[in-house]
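J.: Sharing a structure, written as structure tokens. Questions coming.
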Amino acid sequence: MSEPTSPGLGSLGADAVDELICSARGCRAEAAWGLLWNNPRLHAPERRKVWLACDDHRAHLEQFLGARAFLRSTVPVAELDRRPVPPPPGGVDR
Ligand SMILES: [Zn+2]
């Protein structure tokens with residue numbers, strides 16, 4: 001690939017994600033897709049919230065967001081910004 005790489009985080013303007021688990025209710029499958037959405041009544045225009053979806057739930061979640069005109073784009077999870085899972089409160093002294 002010869003695409004220019006953007007430095008640092010935030011290339012999509014999307015919230016970083018930690019665990020790649022599907023956002024559908026009751027689903028614990030590994031997510032394959034990131035649905036980038038924005039509710040203009042709640043979020044700054046450049047803000048992108050991220051819902052994660054497995055292959056089974058991608059269409060369902062896209063339909064949900066699309067029906068509200070919130071959906072902006074869907075990207076493979078590999079393109080999402082990752083953040084480390086935060087340590088539990090109080091530290092992990094052993
Ligand atoms: Zn799912």
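Starting from 1 in every chain, residues are counted up; chains themselves are A, B, ... following the order of the structure tokens, and ligands are numbered from 1 as listed.
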Check which residues of stretch 56-92 of chain A sit at most 6 Å from stretch 20-34 of chain A using only C-alpha atoms, and return one row each with the closest pair of atoms and their distance in Å to one decimal, ordered by chain and rising number, as JSON lines.
T.:
{"residue": "A:Thr74", "atom": "CA", "partner": "A:Gly34", "partner_atom": "CA", "distance": 5.6}
{"residue": "A:Val75", "atom": "CA", "partner": "A:Gly34", "partner_atom": "CA", "distance": 5.2}
{"residue": "A:Pro76", "atom": "CA", "partner": "A:Trp33", "partner_atom": "CA", "distance": 4.6}
{"residue": "A:Val77", "atom": "CA", "partner": "A:Trp33", "partner_atom": "CA", "distance": 4.9}
J.: Show which residues sit within 9 Å of A:Val50, as a VMD selection string. Count only C-alpha atoms, and ignore same-chain residues fewer than 4 positions away.
T.: chain A and resid 14 to 17 34 to 38 80
J.: Report as a list in words all protein, DNA and RNA residues lying within 12 Å of A:Pro45, evaluated on only C-alpha atoms, omitting residues in the same chain fewer than 4 positions from it.
T.: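 Surrounding residues, per the criterion: Gly13, Ala14, Trp37, Asn38, Asn39, Pro40, Arg41, Lys49, Phe70 and Arg72 of chain A.
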J.: Could you write out that same residue set with C-alpha atoms as a JSON list (two decimals), in the first residue's frame?
T.:
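Result file out-v7.json:
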[["chain", "number", "residue", "atom", "x", "y", "z"],
["A", 13, "GLY", "CA", -11.97, 11.31, 14.23],
["A", 14, "ALA", "CA", -13.55, 8.40, 16.03],
["A", 37, "TRP", "CA", -21.99, 7.52, 13.87],
["A", 38, "ASN", "CA", -22.90, 10.96, 15.10],
["A", 39, "ASN", "CA", -26.01, 12.38, 16.67],
["A", 40, "PRO", "CA", -25.88, 16.06, 15.75],
["A", 41, "ARG", "CA", -28.13, 16.92, 18.67],
["A", 49, "LYS", "CA", -19.06, 7.53, 18.13],
["A", 70, "PHE", "CA", -26.81, 8.88, 12.48],
["A", 72, "ARG", "CA", -21.63, 8.05, 8.85]]
J.: I'd like the neighbourhood of A:Asp18 as a PyMOL selection string, where a residue qualifies if any of its atoms comes within 9 Å (using only C-alpha atoms), though same-chain residues fewer than 4 positions away should be ignored.
T.: chain A and resi 81-86
J.: Using DSSP on the backbone coordinates, identify the residues of chain A assigned to strand (DSSP E); present them as a VMD selection string.
T.: chain A and resid 33 to 37 49 to 53 71 to 76
J.: Go ahead and compute the interatomic distance for atom CA of A:Gly66 and atom CA of A:Trp51, in Å to one decimal.
T.: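 Distance reported for this atom pair: 12.7 Å.
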J.: Do you have the atom CA of A:Glu19-atom CA of A:Arg58 distance handy?
T.: 16.7 Å
J.: So which one's closest to ligand 1, A:His57, A:Arg68, A:Arg48, A:His43? Using only C-alpha atoms and all ligand atoms, please.
T.: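 Among the listed residues, A:His57 lies closest to ligand 1.
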J.: Mind giving me the straight-line distance from atom CA of A:Leu42 to atom CA of A:Ala69 in Å, one decimal?
T.: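 For atom CA of A:Leu42 relative to atom CA of A:Ala69, the distance reads 13.4 Å.
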J.: Can you work out which one of A:Ala67, A:Cys54, A:Ala78, A:Ala59 has the shortest atom-to-atom distance to ligand 1, counting only C-alpha atoms and all ligand atoms?
T.: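 Selected residue with least distance to ligand 1: A:Cys54.
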J.: Counting only C-alpha atoms and all ligand atoms, figure out which residue out of A:Glu46, A:Asp55, A:Glu79, A:Glu62 gets nearest to ligand 1.
T.: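 Smallest distance to ligand 1 is found for A:Asp55.
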